[in-house]
Amino acid sequence: MMATTAVMIIPSNKKDCRGYYHDNIRRLLNPQPFANFILCLIIVNSIMMGIATFPYIKNDKDLLYKFDLVDQIFLVIFTIESAMSLLYYGLRGFFQDGFRVFDLLIVILSWAMEGTQVIRAFRIFRASRLVTRIETLRNLILAILSVIPKMTAIFLLLMLIFFIFGVMFTTLFKGMYPDGEVTEPWFESLFLSLFTLFQMMTLDSWTTVLKQIQEEYLMAWIPFVIFIILTGFVVVNLIIAVICDAVHMLGGVGNNAGSYAYQKEDHPTEICIDEGNHRRIEQKVEGGGMPCSQQYSITTVQRIEHLQKQLDDLVVAQDQMKRIIEVLSTRATTAKIKATPHHCNRR
C-alpha cells in the first residue's frame, strides 16, 4: 500500500502570511450566508433578552444563569466578528464606514455594561445592530442623516417659536397653580412652560390645559390655537415632508445614496481594466470569486490575440490604401498626358 502524505502550504514570510490570513478572513466575512448567520444571532439574542424579563425567568436563578451564559456566548461571537472586520479592513478602512464603527461601539458598550443590574439593562441596545444589517433600515437611517442640514433650519424655527410662546405663556398664566385655579403647574416657570408646550405640540391633552386656563381667561384659546397650528401642523408636517422626500429620492435613484456603502462592505469590489474595449469594469468579489490578478493571467493570451488581430486589420487597411493611392496616381498621370498634346496643338 502506498502511503499518502498531506502537505500544508505555509506562507514563508510575514507579507505572504498577512495576505494569506487576509484572504481567509475575506472568504469568511463576504459570503451572504455568514452575514445571514450573524443577523439571525442578533435577532435570537434580542428575543432572549426580551424573554429574560418575564417573571418566571427572573425568579428562576438556574434558568436566569443559563440565559446569561448564552448571552455571554453571543457577545463573544459578536466580538470575534468585530475583531475580524477590524483585521480585514484595517484601522483606516474600518473607521471610514460609520455602520462598522457603530457595531464596534455596541460591542464595547456591551462588555462595559456587564456590571450592575441597572447598567446591564442597557444591553438591549445590542438589538440596534439590526439597523446595520438590514438594507431597508440602513437606507432609512441614511435618508434621515442626509436631511439633517435641511432639518436644522426647521429645528431653529421650532426653537424660536417655543421660546416666544414659552415666555408669553409664563408671563400671562404664571401664579394660577398656587391660587388653586389649575390642577397642575403648567406655566409656573419657563422650563415648565416649555415642557407643557411640547406636550401641546404632540396634541396630548392640550384641550385639558386650555379648558382650565380658559375658566379664568376667556380669550386664552387664541394663543393656544395659534401655537397648535404653527407647531402641531405646520412645523411637524414640514419635518415629515423633508424625511419622506429624502426616502423617496433614495429609492428613486436605485438606492445609490444608501446601499452603495452597504454593497461595498458586504461585497467588496475590484477595478479591472478591459484593455480590449478600453473600459473599466467594477466586479464583485464573492467568497469564491476570482480577483482581477487571476483574471489577468488567464486572459493574457486572449488579449494578445486580440491585439494581433487589430494589427492584421491595420496591415490590410494599409495595403488597401496603398492600392488606392497607386490607382489615383495612374489616373492623374494619364489625364496629364492627354491634356499636354491638346495644349500644344492650340499653341
# chains A, B, ... in the order shown; residues from 1 in each chain; ligands from 1
$ residues_around --residues "stretch 44-58 of chain A" --least-positions-apart "2" --cutoff "12 Å" --atoms "only C-alpha atoms" --output "number ranges by chain"
A: 37-42, 60-75, 77-78, 120-130
$ atom_distance --atom1 "atom CA of A:Gln212" --atom2 "atom CA of A:Phe191"
19.6 Å
$ select_by_dssp --residues "stretch 26-207 of chain A" --states "alpha helix (DSSP H)" --output "PyMOL selection string"
chain A and resi 26-29+32-51+55-58+61-95+98-112+117-120+130-133+135-146+148-173+190-201+206-207
$ write_last_selection --atoms "C-alpha atoms" --output "tab-separated table (two decimals), in the first residue's frame"
chain	number	residue	atom	x	y	z
A	26	ARG	CA	-12.37	37.90	3.30
A	27	ARG	CA	-13.75	34.49	2.29
A	28	LEU	CA	-15.41	34.20	5.69
A	29	LEU	CA	-16.82	37.72	6.00
A	32	GLN	CA	-24.03	36.13	2.29
A	33	PRO	CA	-24.62	33.00	4.46
A	34	PHE	CA	-22.22	34.35	7.09
A	35	ALA	CA	-24.00	37.73	7.12
A	36	ASN	CA	-27.35	35.97	7.46
A	37	PHE	CA	-25.93	33.86	10.29
A	38	ILE	CA	-24.84	36.96	12.23
A	39	LEU	CA	-28.23	38.57	11.54
A	40	CYS	CA	-30.02	35.50	12.96
A	41	LEU	CA	-27.79	35.60	16.04
A	42	ILE	CA	-28.67	39.25	16.65
A	43	ILE	CA	-32.39	38.51	16.34
A	44	VAL	CA	-32.22	35.46	18.63
A	45	ASN	CA	-30.14	37.36	21.18
A	46	SER	CA	-32.61	40.25	21.19
A	47	ILE	CA	-35.57	37.89	21.65
A	48	MET	CA	-33.80	36.11	24.51
A	49	MET	CA	-33.11	39.41	26.28
A	50	GLY	CA	-36.82	40.19	25.99
A	51	ILE	CA	-37.83	36.77	27.32
A	55	PRO	CA	-41.19	36.79	35.86
A	56	TYR	CA	-40.77	33.00	35.52
A	57	ILE	CA	-37.25	33.61	34.12
A	58	LYS	CA	-36.18	36.25	36.65
A	61	LYS	CA	-31.92	31.56	39.26
A	62	ASP	CA	-30.74	28.48	37.34
A	63	LEU	CA	-32.67	29.42	34.24
A	64	LEU	CA	-31.54	33.03	34.54
A	65	TYR	CA	-27.92	31.85	34.81
A	66	LYS	CA	-28.33	29.84	31.60
A	67	PHE	CA	-29.77	32.87	29.83
A	68	ASP	CA	-26.81	34.98	30.98
A	69	LEU	CA	-24.38	32.29	29.83
A	70	VAL	CA	-25.94	32.15	26.37
A	71	ASP	CA	-25.87	35.95	26.25
A	72	GLN	CA	-22.14	35.87	27.00
A	73	ILE	CA	-21.61	33.38	24.16
A	74	PHE	CA	-23.45	35.69	21.77
A	75	LEU	CA	-21.33	38.62	22.93
A	76	VAL	CA	-18.11	36.64	22.37
A	77	ILE	CA	-19.22	35.76	18.82
A	78	PHE	CA	-20.03	39.40	18.06
A	79	THR	CA	-16.65	40.44	19.48
A	80	ILE	CA	-14.82	37.94	17.27
A	81	GLU	CA	-16.74	39.20	14.23
A	82	SER	CA	-15.83	42.83	15.00
A	83	ALA	CA	-12.19	41.87	15.54
A	84	MET	CA	-12.07	40.02	12.22
A	85	SER	CA	-13.59	43.02	10.46
A	86	LEU	CA	-11.01	45.28	12.07
A	87	LEU	CA	-8.19	42.99	10.91
A	88	TYR	CA	-9.57	42.74	7.39
A	89	TYR	CA	-10.32	46.42	6.72
A	90	GLY	CA	-7.52	47.90	8.84
A	91	LEU	CA	-7.88	50.92	11.09
A	92	ARG	CA	-8.35	53.43	8.27
A	93	GLY	CA	-10.76	51.33	6.21
A	94	PHE	CA	-12.69	50.18	9.27
A	95	PHE	CA	-13.38	53.63	10.66
A	98	GLY	CA	-19.99	54.57	10.18
A	99	PHE	CA	-22.02	51.38	10.43
A	100	ARG	CA	-18.94	49.27	11.24
A	101	VAL	CA	-17.93	51.79	13.90
A	102	PHE	CA	-21.46	51.62	15.32
A	103	ASP	CA	-21.23	47.81	15.55
A	104	LEU	CA	-17.90	48.04	17.34
A	105	LEU	CA	-19.23	50.68	19.74
A	106	ILE	CA	-22.22	48.50	20.63
A	107	VAL	CA	-19.93	45.52	21.32
A	108	ILE	CA	-17.63	47.62	23.53
A	109	LEU	CA	-20.58	49.06	25.45
A	110	SER	CA	-21.99	45.55	25.90
A	111	TRP	CA	-18.78	44.48	27.63
A	112	ALA	CA	-18.78	47.65	29.70
A	117	GLN	CA	-28.25	45.29	37.03
A	118	VAL	CA	-29.11	48.88	36.08
A	119	ILE	CA	-26.24	49.09	33.60
A	120	ARG	CA	-26.95	45.62	32.22
A	130	LEU	CA	-30.12	45.14	13.16
A	131	VAL	CA	-30.05	48.61	11.62
A	132	THR	CA	-26.58	47.92	10.21
A	133	ARG	CA	-27.60	44.51	8.84
A	135	GLU	CA	-30.61	47.20	3.97
A	136	THR	CA	-34.03	48.86	4.27
A	137	LEU	CA	-33.25	50.13	7.76
A	138	ARG	CA	-29.82	51.30	6.63
A	139	ASN	CA	-31.35	53.27	3.78
A	140	LEU	CA	-33.87	54.84	6.14
A	141	ILE	CA	-31.16	55.93	8.56
A	142	LEU	CA	-29.06	57.30	5.71
A	143	ALA	CA	-32.09	59.19	4.41
A	144	ILE	CA	-32.65	60.77	7.83
A	145	LEU	CA	-28.98	61.70	8.14
A	146	SER	CA	-28.96	63.20	4.66
A	148	ILE	CA	-30.15	66.91	8.78
A	149	PRO	CA	-28.90	70.15	7.13
A	150	LYS	CA	-32.43	70.92	5.94
A	151	MET	CA	-33.96	69.95	9.28
A	152	THR	CA	-31.55	72.22	11.15
A	153	ALA	CA	-33.35	75.29	9.85
A	154	ILE	CA	-36.71	73.77	10.79
A	155	PHE	CA	-35.48	72.98	14.31
A	156	LEU	CA	-34.18	76.52	14.72
A	157	LEU	CA	-37.60	77.85	13.69
A	158	LEU	CA	-39.26	75.44	16.14
A	159	MET	CA	-36.96	76.53	18.99
A	160	LEU	CA	-37.72	80.17	18.24
A	161	ILE	CA	-41.48	79.50	18.33
A	162	PHE	CA	-41.11	77.56	21.60
A	163	PHE	CA	-39.11	80.36	23.22
A	164	ILE	CA	-41.54	83.09	22.16
A	165	PHE	CA	-44.65	81.25	23.32
A	166	GLY	CA	-42.87	79.93	26.44
A	167	VAL	CA	-42.03	83.44	27.61
A	168	MET	CA	-45.51	84.69	26.67
A	169	PHE	CA	-47.41	81.87	28.42
A	170	THR	CA	-45.23	82.16	31.55
A	171	THR	CA	-45.90	85.89	31.71
A	172	LEU	CA	-49.65	85.51	31.17
A	173	PHE	CA	-50.52	82.43	33.24
A	190	LEU	CA	-40.07	78.96	31.77
A	191	PHE	CA	-38.91	75.34	31.84
A	192	LEU	CA	-42.37	74.08	32.88
A	193	SER	CA	-43.89	76.21	30.14
A	194	LEU	CA	-41.55	74.71	27.52
A	195	PHE	CA	-42.41	71.20	28.68
A	196	THR	CA	-46.13	71.98	28.58
A	197	LEU	CA	-45.76	73.45	25.10
A	198	PHE	CA	-44.01	70.28	23.94
A	199	GLN	CA	-46.93	68.25	25.29
A	200	MET	CA	-49.32	70.53	23.44
A	201	MET	CA	-47.33	70.17	20.21
A	206	TRP	CA	-53.82	70.06	25.24
A	207	THR	CA	-57.56	70.71	25.48
$ atom_distance --atom1 "atom CA of A:Phe227" --atom2 "atom CA of A:Val147"
25.1 Å
$ atom_distance --atom1 "atom CA of A:Ile304" --atom2 "atom CA of A:Ala317"
19.9 Å
